[in-house]
$ cat entry-v9.txt   # compact mmCIF, C-alpha atoms
# COMPACT_ATOMS: atom_id res chain seq x y z
CA MET A 29 31.62 -9.43 -34.59
CA SER A 30 33.44 -8.92 -31.35
CA HIS A 31 34.91 -11.89 -29.53
CA GLU A 32 32.26 -11.77 -26.79
CA HIS A 33 28.61 -11.01 -27.42
CA PRO A 34 26.11 -12.57 -25.00
CA PRO A 35 22.80 -13.56 -26.66
CA HIS A 36 20.71 -11.38 -24.33
CA LEU A 37 22.72 -8.21 -25.03
CA GLN A 38 20.78 -5.76 -27.22
CA HIS A 39 22.80 -4.26 -30.06
CA HIS A 40 22.38 -0.71 -28.79
CA PHE A 41 24.22 -1.44 -25.56
CA ASP A 42 27.98 -1.84 -25.31
CA THR A 43 28.12 -4.17 -22.32
CA SER A 44 25.81 -6.31 -20.18
CA GLU A 45 26.52 -3.97 -17.30
CA GLN A 46 25.41 -0.92 -19.26
CA GLN A 47 22.22 -2.71 -20.32
CA PHE A 48 21.51 -3.83 -16.74
CA ASP A 49 22.08 -0.35 -15.29
CA ALA A 50 19.93 1.34 -17.94
CA GLY A 51 17.07 -1.11 -17.31
CA LYS A 52 17.40 -0.73 -13.58
CA LEU A 53 17.23 3.07 -13.78
CA GLY A 54 14.09 2.67 -15.90
CA ILE A 55 12.47 0.44 -13.28
CA TRP A 56 13.37 2.84 -10.46
CA LEU A 57 11.88 5.75 -12.41
CA PHE A 58 8.71 3.68 -12.87
CA LEU A 59 8.63 2.90 -9.14
CA ALA A 60 9.01 6.65 -8.45
CA THR A 61 5.87 7.33 -10.53
CA GLU A 62 4.07 4.58 -8.57
CA ILE A 63 4.99 6.34 -5.31
CA LEU A 64 3.66 9.61 -6.71
CA LEU A 65 0.44 7.83 -7.77
CA PHE A 66 -0.14 6.45 -4.28
CA GLY A 67 1.08 9.79 -2.87
CA GLY A 68 -2.11 11.45 -4.09
CA LEU A 69 -4.20 8.93 -2.15
CA PHE A 70 -2.03 9.27 0.96
CA CYS A 71 -2.58 13.03 0.70
CA ALA A 72 -6.37 12.53 0.52
CA TYR A 73 -6.05 10.29 3.58
CA ALA A 74 -4.01 12.89 5.48
CA ILE A 75 -6.42 15.74 4.67
CA TYR A 76 -9.53 13.79 5.69
CA ARG A 77 -7.93 12.40 8.81
CA ALA A 78 -6.73 15.85 9.87
CA ASN A 79 -10.20 17.33 9.36
CA HIS A 80 -12.30 14.40 10.58
CA PRO A 81 -10.29 12.39 13.13
CA GLU A 82 -13.56 11.18 14.72
CA ILE A 83 -14.54 9.36 11.49
CA PHE A 84 -11.22 7.50 11.35
CA VAL A 85 -11.25 6.58 15.04
CA TYR A 86 -14.81 5.26 14.74
CA ALA A 87 -14.63 3.52 11.35
CA HIS A 88 -11.31 1.73 11.79
CA GLN A 89 -13.03 -0.52 14.39
CA PHE A 90 -14.73 -2.25 11.47
CA LEU A 91 -11.39 -3.35 9.98
CA ASP A 92 -10.09 -6.71 11.18
CA LYS A 93 -6.62 -6.21 12.72
CA VAL A 94 -5.96 -9.97 12.73
CA LEU A 95 -6.69 -10.36 9.02
CA GLY A 96 -4.76 -7.18 8.22
CA GLY A 97 -1.80 -8.27 10.34
CA THR A 98 -1.83 -11.74 8.76
CA ASN A 99 -1.75 -10.13 5.34
CA THR A 100 1.24 -8.02 6.41
CA VAL A 101 3.12 -11.16 7.48
CA VAL A 102 2.13 -12.94 4.23
CA LEU A 103 3.40 -10.05 2.12
CA LEU A 104 6.66 -9.71 4.10
CA CYS A 105 7.36 -13.45 3.72
CA SER A 106 6.61 -13.30 0.00
CA SER A 107 9.05 -10.40 -0.22
CA LEU A 108 11.73 -12.59 1.33
CA THR A 109 11.06 -15.45 -1.10
CA MET A 110 11.22 -12.93 -3.97
CA ALA A 111 14.54 -11.45 -2.81
CA TRP A 112 15.83 -15.00 -2.35
CA ALA A 113 14.58 -15.90 -5.85
CA VAL A 114 16.67 -13.04 -7.29
CA ARG A 115 19.67 -14.45 -5.45
CA ALA A 116 18.93 -17.96 -6.76
CA SER A 117 18.74 -16.69 -10.35
CA GLN A 118 22.02 -14.79 -9.90
CA LEU A 119 23.70 -17.98 -8.69
CA GLY A 120 22.13 -20.18 -11.36
CA GLN A 121 20.15 -22.29 -8.86
CA ARG A 122 17.31 -23.15 -11.25
CA THR A 123 15.27 -25.56 -9.09
CA LEU A 124 15.47 -23.24 -6.09
CA LEU A 125 14.44 -20.30 -8.29
CA ILE A 126 11.32 -22.17 -9.50
CA VAL A 127 10.38 -23.18 -5.93
CA LEU A 128 10.87 -19.64 -4.58
CA LEU A 129 8.92 -17.97 -7.39
CA SER A 130 6.08 -20.45 -6.83
CA LEU A 131 6.08 -19.63 -3.10
CA THR A 132 6.01 -15.90 -3.90
CA LEU A 133 3.06 -16.44 -6.22
CA LEU A 134 1.35 -18.47 -3.50
CA GLY A 135 1.87 -15.53 -1.12
CA GLY A 136 0.11 -13.29 -3.65
CA PHE A 137 -2.85 -15.69 -3.80
CA ALA A 138 -3.00 -15.85 0.01
CA PHE A 139 -2.96 -12.05 0.25
CA MET A 140 -5.76 -11.64 -2.30
CA GLY A 141 -7.77 -14.44 -0.66
CA ILE A 142 -7.64 -12.74 2.75
CA LYS A 143 -8.43 -9.42 1.09
CA ALA A 144 -11.49 -11.01 -0.56
CA VAL A 145 -12.73 -12.24 2.86
CA GLU A 146 -12.33 -8.73 4.26
CA TYR A 147 -14.11 -7.09 1.32
CA GLU A 148 -16.97 -9.60 1.60
CA GLN A 149 -17.46 -8.69 5.29
CA LYS A 150 -17.60 -4.99 4.42
CA TRP A 151 -20.07 -5.74 1.63
CA LYS A 152 -22.31 -7.78 3.95
CA HIS A 153 -22.41 -5.00 6.53
CA GLY A 154 -23.07 -2.31 3.98
CA LEU A 155 -19.79 -0.57 4.78
CA LEU A 156 -19.32 0.71 1.27
CA PRO A 157 -18.06 4.03 -0.03
CA GLY A 158 -20.08 7.01 -1.14
CA THR A 159 -23.78 6.68 -1.84
CA HIS A 160 -23.61 2.88 -1.36
CA PHE A 161 -22.88 3.31 2.35
CA ALA A 162 -25.76 1.65 4.21
CA PRO A 163 -24.43 0.26 7.51
CA HIS A 164 -26.49 -2.30 9.34
CA GLU A 165 -24.93 -3.32 12.60
CA GLU A 166 -26.31 -5.99 14.88
CA GLY A 167 -29.45 -4.86 16.64
CA THR A 168 -29.72 -1.78 14.49
CA PRO A 169 -32.13 -1.73 11.56
CA ALA A 170 -30.64 -1.02 8.20
CA VAL A 171 -30.73 2.60 7.19
CA THR A 172 -32.62 2.53 3.93
CA ALA A 173 -34.48 5.14 2.00
CA ALA A 174 -38.26 5.01 2.06
CA PRO A 175 -39.71 3.21 -0.98
CA GLY A 176 -40.35 5.59 -3.79
CA ALA A 177 -38.17 8.29 -2.32
CA PRO A 178 -36.31 10.15 -5.03
CA LYS A 179 -32.61 9.36 -5.11
CA THR A 180 -31.74 12.84 -6.22
CA ALA A 181 -33.34 16.15 -5.50
CA PRO A 182 -36.21 17.10 -7.79
CA ALA A 183 -35.34 19.20 -10.79
CA GLY A 184 -35.12 22.85 -9.99
CA THR A 185 -34.01 22.27 -6.38
CA ILE A 186 -30.65 23.68 -5.42
CA GLN A 187 -29.01 21.22 -3.04
CA PRO A 188 -27.36 22.53 0.11
CA SER A 189 -23.64 23.03 -0.28
CA ALA A 190 -22.93 20.39 2.35
CA THR A 191 -24.29 17.68 0.01
CA GLY A 192 -21.32 16.79 -2.10
CA PRO A 193 -21.16 14.72 -5.26
CA ALA A 194 -21.25 10.91 -5.06
CA GLY A 195 -21.87 10.87 -1.33
CA THR A 196 -18.66 12.63 -0.31
CA VAL A 197 -20.57 14.73 2.18
CA ARG A 198 -24.03 14.04 3.50
CA ALA A 199 -26.47 16.47 5.00
CA GLU A 200 -27.25 13.86 7.67
CA ALA A 201 -26.76 15.23 11.17
CA ALA A 202 -24.58 13.34 13.64
CA GLU A 203 -27.32 13.49 16.30
CA THR A 204 -29.67 11.32 14.26
CA ALA A 205 -27.13 8.54 13.77
CA PRO A 206 -28.10 5.37 15.66
CA GLU A 207 -26.15 4.27 18.72
CA GLY A 208 -24.47 0.99 17.81
CA PRO A 209 -22.23 -1.46 19.68
CA HIS A 210 -19.21 0.47 18.38
CA GLY A 211 -20.34 3.78 19.78
CA LYS A 212 -22.07 6.68 18.12
CA ARG A 213 -21.52 6.80 14.39
CA PRO A 214 -20.23 10.20 13.28
CA SER A 215 -21.70 11.69 10.14
CA ASN A 216 -19.92 11.11 6.84
CA THR A 217 -18.40 7.79 7.95
CA GLN A 218 -18.62 6.72 4.30
CA ILE A 219 -15.58 8.91 3.59
CA PHE A 220 -13.36 6.47 5.49
CA PHE A 221 -14.64 3.54 3.47
CA GLY A 222 -14.17 5.48 0.26
CA ILE A 223 -10.52 6.02 1.16
CA TYR A 224 -10.15 2.45 2.44
CA PHE A 225 -11.52 0.85 -0.72
CA LEU A 226 -9.63 3.16 -3.06
CA MET A 227 -6.25 2.68 -1.35
CA THR A 228 -6.50 -1.07 -0.71
CA GLY A 229 -8.20 -1.55 -4.09
CA LEU A 230 -5.40 0.16 -6.02
CA HIS A 231 -2.89 -1.75 -3.91
CA GLY A 232 -4.74 -5.02 -4.61
CA LEU A 233 -4.66 -4.26 -8.33
CA HIS A 234 -0.88 -3.88 -8.03
CA VAL A 235 -0.67 -7.24 -6.25
CA LEU A 236 -2.61 -8.84 -9.14
CA ILE A 237 -0.31 -7.24 -11.73
CA GLY A 238 2.71 -8.36 -9.72
CA MET A 239 1.34 -11.91 -9.59
CA GLY A 240 0.96 -11.85 -13.38
CA ALA A 241 4.58 -10.69 -13.75
CA ILE A 242 5.80 -13.40 -11.35
CA ALA A 243 3.85 -16.06 -13.29
CA TRP A 244 5.57 -14.82 -16.46
CA ILE A 245 9.11 -15.10 -15.04
CA LEU A 246 8.15 -18.42 -13.42
CA VAL A 247 7.36 -19.83 -16.88
CA ARG A 248 10.62 -18.40 -18.24
CA SER A 249 12.63 -19.82 -15.34
CA ILE A 250 11.08 -23.27 -15.94
CA LYS A 251 12.35 -22.93 -19.53
CA GLY A 252 15.78 -22.28 -18.00
CA GLU A 253 16.23 -18.80 -19.42
CA PHE A 254 17.84 -17.27 -16.32
CA GLY A 255 21.30 -17.66 -14.88
CA PRO A 256 24.31 -15.67 -13.69
CA ASP A 257 24.66 -14.08 -17.15
CA TYR A 258 21.04 -12.99 -17.44
CA PHE A 259 18.63 -12.55 -14.54
CA THR A 260 17.42 -9.00 -15.29
CA PRO A 261 13.65 -9.78 -15.54
CA VAL A 262 13.70 -11.64 -12.20
CA ASP A 263 15.45 -8.69 -10.55
CA PHE A 264 13.07 -6.09 -12.00
CA VAL A 265 9.87 -8.02 -11.24
CA GLY A 266 11.30 -8.44 -7.74
CA LEU A 267 11.72 -4.66 -7.38
CA TYR A 268 8.07 -4.16 -8.37
CA TRP A 269 6.91 -6.82 -5.88
CA HIS A 270 8.91 -5.18 -3.09
CA LEU A 271 7.34 -1.82 -3.88
CA VAL A 272 3.87 -3.39 -3.49
CA ASP A 273 5.07 -4.66 -0.09
CA LEU A 274 6.44 -1.20 0.74
CA ILE A 275 3.06 0.48 0.11
CA TRP A 276 1.30 -2.09 2.32
CA ILE A 277 3.81 -1.37 5.12
CA PHE A 278 2.30 2.14 5.22
CA LEU A 279 -1.32 1.18 4.49
CA PHE A 280 -1.59 -1.37 7.32
CA PRO A 281 -0.88 0.93 10.31
CA LEU A 282 -2.62 3.93 8.72
CA LEU A 283 -5.91 2.12 8.05
CA TYR A 284 -6.06 -0.69 10.62
CA LEU A 285 -4.15 0.61 13.64
CA ILE A 286 -5.70 3.98 14.45
CA SER A 287 -5.86 4.79 18.13
CA MET B 2 23.48 -26.18 -10.09
CA SER B 3 26.75 -24.34 -9.92
CA HIS B 4 27.10 -22.56 -6.61
CA SER B 5 30.41 -21.12 -7.69
CA ALA B 6 28.74 -19.22 -10.52
CA HIS B 7 28.73 -15.50 -9.96
CA PRO B 8 26.88 -12.85 -11.95
CA ARG B 9 28.92 -10.26 -13.75
CA VAL B 10 26.36 -7.55 -12.92
CA GLY B 11 24.43 -6.81 -9.75
CA HIS B 12 25.12 -7.80 -6.18
CA VAL B 13 24.30 -11.10 -4.49
CA VAL B 14 22.79 -10.49 -1.05
CA PRO B 15 23.91 -13.10 1.53
CA LEU B 16 21.14 -15.31 2.94
CA PRO B 17 21.75 -14.34 6.61
CA VAL B 18 21.14 -10.70 5.62
CA LEU B 19 17.85 -11.58 3.88
CA PHE B 20 16.57 -13.64 6.82
CA GLY B 21 17.80 -11.04 9.32
CA VAL B 22 15.82 -8.37 7.46
CA LEU B 23 12.68 -10.55 7.41
CA GLY B 24 13.04 -11.24 11.14
CA THR B 25 13.38 -7.53 11.91
CA LEU B 26 10.39 -6.72 9.69
CA LEU B 27 8.20 -9.30 11.46
CA VAL B 28 9.28 -8.05 14.90
CA MET B 29 8.55 -4.44 13.88
CA THR B 30 5.11 -5.51 12.57
CA PHE B 31 4.36 -6.97 16.00
CA VAL B 32 5.70 -3.82 17.69
CA THR B 33 3.46 -1.56 15.59
CA VAL B 34 0.39 -3.71 16.39
CA ALA B 35 1.35 -3.76 20.09
CA ALA B 36 1.86 0.02 20.08
CA SER B 37 -1.71 0.43 18.80
CA TRP B 38 -3.02 -1.32 21.94
CA LEU B 39 -1.33 1.27 24.13
CA ASP B 40 -2.45 4.86 24.17
CA PHE B 41 0.22 7.35 23.21
CA GLY B 42 -2.28 10.05 22.34
CA ARG B 43 -1.15 12.27 19.50
CA LEU B 44 2.20 10.50 19.41
CA SER B 45 0.73 7.18 18.28
CA LEU B 46 0.41 8.28 14.64
CA TRP B 47 4.06 9.37 14.59
CA ILE B 48 5.21 6.15 16.28
CA ALA B 49 3.32 4.10 13.66
CA LEU B 50 4.76 6.22 10.83
CA GLY B 51 8.29 6.00 12.27
CA ILE B 52 8.09 2.21 12.42
CA ALA B 53 6.71 2.12 8.85
CA VAL B 54 9.55 4.32 7.57
CA PHE B 55 12.09 2.09 9.32
CA LYS B 56 10.55 -1.05 7.79
CA ALA B 57 10.39 0.59 4.36
CA SER B 58 14.07 1.55 4.61
CA LEU B 59 15.02 -2.05 5.37
CA VAL B 60 13.06 -3.30 2.35
CA LEU B 61 14.62 -0.63 0.10
CA LEU B 62 18.19 -1.12 1.32
CA PHE B 63 18.42 -4.91 1.37
CA PHE B 64 15.49 -6.57 -0.48
CA MET B 65 15.69 -3.96 -3.23
CA HIS B 66 19.52 -3.82 -3.22
CA LEU B 67 19.68 -0.01 -2.87
CA LYS B 68 22.57 -0.34 -0.42
CA TYR B 69 24.67 -1.98 -3.12
CA ASP B 70 23.17 -0.12 -6.08
CA LYS B 71 24.22 2.91 -8.10
CA PRO B 72 23.48 5.95 -5.87
CA PHE B 73 21.46 7.58 -8.63
CA ASN B 74 18.65 5.01 -8.20
CA ALA B 75 18.48 5.92 -4.51
CA ILE B 76 18.30 9.61 -5.42
CA VAL B 77 15.35 8.92 -7.77
CA ILE B 78 13.32 7.09 -5.14
CA ILE B 79 14.23 9.42 -2.25
CA VAL B 80 13.29 12.48 -4.31
CA SER B 81 9.91 10.96 -5.21
CA MET B 82 9.21 10.21 -1.54
CA ALA B 83 10.36 13.68 -0.50
CA LEU B 84 7.99 15.20 -3.09
CA VAL B 85 5.08 13.18 -1.70
CA ALA B 86 5.98 14.38 1.82
CA LEU B 87 6.16 17.99 0.58
CA PHE B 88 2.82 17.60 -1.24
CA ILE B 89 1.10 16.25 1.88
CA ALA B 90 2.73 18.80 4.18
CA ILE B 91 1.73 21.81 2.06
CA ALA B 92 -1.79 20.46 1.48
CA LEU B 93 -2.18 19.89 5.23
CA THR B 94 -1.01 23.41 6.10
CA ASP B 95 -3.44 24.74 3.53
CA THR B 96 -6.48 22.78 4.70
CA THR B 97 -6.44 24.41 8.14
CA GLN B 98 -6.49 27.93 6.70
CA TYR B 99 -10.20 28.10 5.94
CA GLU B 100 -13.22 29.27 7.88
CA PRO B 101 -14.34 26.01 9.57
CA ASN B 102 -18.05 26.88 9.47
CA LYS B 103 -18.15 27.75 5.79
CA ILE B 104 -19.89 24.43 5.21
CA PRO B 105 -22.07 23.55 8.24
CA GLY B 106 -20.77 20.46 10.02
CA TYR B 107 -17.81 20.13 7.70
CA ALA B 108 -15.12 20.30 10.36
CA PRO B 109 -16.79 19.55 13.71
CA SER B 110 -13.45 18.77 15.37
CA ILE B 111 -12.00 22.20 14.81
CA LYS B 112 -12.73 24.40 17.80
CA THR B 113 -13.79 27.89 16.92
CA ASN B 114 -14.35 30.91 19.11
CA PRO B 115 -18.02 31.62 19.66
CA GLN B 116 -19.12 34.69 17.75
$ encode --input "entry-v9.txt" --output "structure tokens"
Amino acid sequence: MSHEHPPHLQHHFDTSEQQFDAGKLGIWLFLATEILLFGGLFCAYAIYRANHPEIFVYAHQFLDKVLGGTNTVVLLCSSLTMAWAVRASQLGQRTLLIVLLSLTLLGGFAFMGIKAVEYEQKWKHGLLPGTHFAPHEEGTPAVTAAPGAPKTAPAGTIQPSATGPAGTVRAEAAETAPEGPHGKRPSNTQIFFGIYFLMTGLHGLHVLIGMGAIAWILVRSIKGEFGPDYFTPVDFVGLYWHLVDLIWIFLFPLLYLIS
Amino acid sequence: MSHSAHPRVGHVVPLPVLFGVLGTLLVMTFVTVAASWLDFGRLSLWIALGIAVFKASLVLLFFMHLKYDKPFNAIVIIVSMALVALFIAIALTDTTQYEPNKIPGYAPSIKTNPQ
């Protein structure tokens, strides 16, 4: 064997640097596919907002800017602790690494907790996507179907083209919508909540996966597996966590701050 | 705890840089919320997007080490973002090219000439 062969170096790589660079390129390629995945949803957002600006202007009032802003701050701070954790692992500061990874994980829990509060409020007010959309604002009776009314058109009936699948488009006219404290509700408001739940839901799923990955490197750092010679997993999990932060940086103004 | 230890791969970002980036990100978050209180009309979307792109660049360059990284990684991520921008731009140009009244009430915001 050669005079120097670090234990973490796989046999198919010549040097630690080659192994690190190859892994890093792999992670960046994965992050590129993540951007393309979210790109499809951002495109759906752009198309609907361009065609129905009135829905976005009306419906964004139901999102809590304070909770959304707090979540942005939480995620930014957890990004700092993650970047600092990578630095700590590079410098072999084991105790600091464990503390910083724990703080990052805590940030993930805080984010999901606030998200859960927001989702619960939407659920309570019936602000759900598609056919589940049944808003009931204060002072306005809930819009519910008459008992016994068929959920779908009887067999043999051809539905009007404006009635899309799964509640994407409703035949409901804007004039019949009740006047609420937030102004007149435009028709097809459920589209906004469909986009909102899909984008924040997929993002939330990424936060959960990131939290799992952080828990995994936290356990490994407690075992003392990372140091200046080998910190690759900390670095790569960090890149994933930052990407989750990056997506939220776009989601927050696009969903919460419409004017 | 050996502070003198230095990794043989990667780049160690100094703490003042990390905290400076966080500070800027928090300030920009406040700015984007404050900008939403004011009315810039059609510009407000572009102001919000500009701030978001600036914040994203800071995260990419410093938190994600792209500034110190192999340039190829930056090419990968910039190309993917450019493709998303192209995708959205072409889809948006396309969506305005249809007869607005094809589906009644589908695009109430689009002004059409009375027939």
$ interface_residues --input "entry-v9.txt" --of "chain A" --to "chain B" --cutoff "7 Å" --atoms "all atoms listed in the file" --output "PyMOL selection string"
chain A and resi 45+53+56-57+60+63-64+67+71+75+79-80+101+104+108+111+115+118-122+189-190+256-257+267+270+274+277-278+281+285-287
$ residues_around --input "entry-v9.txt" --residues "Ala243 (chain A)" --least-positions-apart "6" --cutoff "10 Å" --atoms "all atoms listed in the file" --output "list in words"
Leu129, Ser130, Thr132, Leu133, Ile237 and Ser249 of chain A
$ closest_residue --input "entry-v9.txt" --among "A:Phe70, A:Ala87, A:Lys150, A:Val262" --to "Leu87 (chain B)" --atoms "all atoms listed in the file"
A:Phe70
$ atom_distance --input "entry-v9.txt" --atom1 "CA of Thr159 (chain A)" --atom2 "CA of Leu282 (chain A)"
23.8 Å
$ closest_residue --input "entry-v9.txt" --among "A:Ile142, A:Leu155, A:Ile126, A:Leu279" --to "Phe90 (chain A)" --atoms "all atoms listed in the file"
A:Leu155
$ atom_distance --input "entry-v9.txt" --atom1 "CA of Tyr268 (chain A)" --atom2 "CA of Leu67 (chain B)"
13.5 Å
$ atom_distance --input "entry-v9.txt" --atom1 "CA of Phe41 (chain A)" --atom2 "CA of Leu125 (chain A)"
27.4 Å
$ residues_around --input "entry-v9.txt" --residues "region 225-236 of chain A" --least-positions-apart "5" --cutoff "7 Å" --atoms "only C-alpha atoms" --output "list in words"
Leu69, Gly136 and Val272 of chain A
$ closest_residue --input "entry-v9.txt" --among "A:Gly97, A:Gly240, A:Gln47, A:Gly255" --to "Val32 (chain B)" --atoms "only C-alpha atoms"
A:Gly97
$ closest_residue --input "entry-v9.txt" --among "A:Phe66, A:Ser117, A:Gly51, A:Asp92" --to "Glu253 (chain A)" --atoms "all atoms listed in the file"
A:Ser117
$ build_atoms --input "entry-v9.txt" --residues "region 135-149 of chain A" --atoms "N, CA and C atoms" --output "PDB file, keeping the file's coordinate frame"
ATOM      1  N   GLY A 135       2.068 -16.641  -2.056  1.00  0.00           N
ATOM      2  CA  GLY A 135       1.870 -15.530  -1.120  1.00  0.00           C
ATOM      3  C   GLY A 135       0.903 -14.510  -1.693  1.00  0.00           C
ATOM      4  N   GLY A 136       1.036 -14.231  -2.997  1.00  0.00           N
ATOM      5  CA  GLY A 136       0.110 -13.290  -3.650  1.00  0.00           C
ATOM      6  C   GLY A 136      -1.320 -13.798  -3.588  1.00  0.00           C
ATOM      7  N   PHE A 137      -1.503 -15.111  -3.859  1.00  0.00           N
ATOM      8  CA  PHE A 137      -2.850 -15.690  -3.800  1.00  0.00           C
ATOM      9  C   PHE A 137      -3.400 -15.607  -2.371  1.00  0.00           C
ATOM     10  N   ALA A 138      -2.552 -15.903  -1.384  1.00  0.00           N
ATOM     11  CA  ALA A 138      -3.000 -15.850   0.010  1.00  0.00           C
ATOM     12  C   ALA A 138      -3.437 -14.438   0.366  1.00  0.00           C
ATOM     13  N   PHE A 139      -2.637 -13.445  -0.053  1.00  0.00           N
ATOM     14  CA  PHE A 139      -2.960 -12.050   0.250  1.00  0.00           C
ATOM     15  C   PHE A 139      -4.318 -11.681  -0.357  1.00  0.00           C
ATOM     16  N   MET A 140      -4.512 -12.007  -1.638  1.00  0.00           N
ATOM     17  CA  MET A 140      -5.760 -11.640  -2.300  1.00  0.00           C
ATOM     18  C   MET A 140      -6.944 -12.404  -1.712  1.00  0.00           C
ATOM     19  N   GLY A 141      -6.709 -13.648  -1.276  1.00  0.00           N
ATOM     20  CA  GLY A 141      -7.770 -14.440  -0.660  1.00  0.00           C
ATOM     21  C   GLY A 141      -8.260 -13.793   0.634  1.00  0.00           C
ATOM     22  N   ILE A 142      -7.285 -13.396   1.482  1.00  0.00           N
ATOM     23  CA  ILE A 142      -7.640 -12.740   2.750  1.00  0.00           C
ATOM     24  C   ILE A 142      -8.335 -11.414   2.472  1.00  0.00           C
ATOM     25  N   LYS A 143      -7.825 -10.704   1.479  1.00  0.00           N
ATOM     26  CA  LYS A 143      -8.430  -9.420   1.090  1.00  0.00           C
ATOM     27  C   LYS A 143      -9.883  -9.637   0.660  1.00  0.00           C
ATOM     28  N   ALA A 144     -10.132 -10.717  -0.091  1.00  0.00           N
ATOM     29  CA  ALA A 144     -11.490 -11.010  -0.560  1.00  0.00           C
ATOM     30  C   ALA A 144     -12.419 -11.256   0.632  1.00  0.00           C
ATOM     31  N   VAL A 145     -11.923 -11.989   1.651  1.00  0.00           N
ATOM     32  CA  VAL A 145     -12.730 -12.240   2.860  1.00  0.00           C
ATOM     33  C   VAL A 145     -13.088 -10.910   3.527  1.00  0.00           C
ATOM     34  N   GLU A 146     -12.088 -10.022   3.624  1.00  0.00           N
ATOM     35  CA  GLU A 146     -12.330  -8.730   4.260  1.00  0.00           C
ATOM     36  C   GLU A 146     -13.356  -7.905   3.476  1.00  0.00           C
ATOM     37  N   TYR A 147     -13.184  -7.865   2.157  1.00  0.00           N
ATOM     38  CA  TYR A 147     -14.110  -7.090   1.320  1.00  0.00           C
ATOM     39  C   TYR A 147     -15.525  -7.648   1.448  1.00  0.00           C
ATOM     40  N   GLU A 148     -15.650  -8.985   1.522  1.00  0.00           N
ATOM     41  CA  GLU A 148     -16.970  -9.600   1.600  1.00  0.00           C
ATOM     42  C   GLU A 148     -17.676  -9.169   2.896  1.00  0.00           C
ATOM     43  N   GLN A 149     -16.875  -9.113   4.005  1.00  0.00           N
ATOM     44  CA  GLN A 149     -17.460  -8.690   5.290  1.00  0.00           C
ATOM     45  C   GLN A 149     -17.972  -7.254   5.201  1.00  0.00           C
TER      46      GLN A 149
END
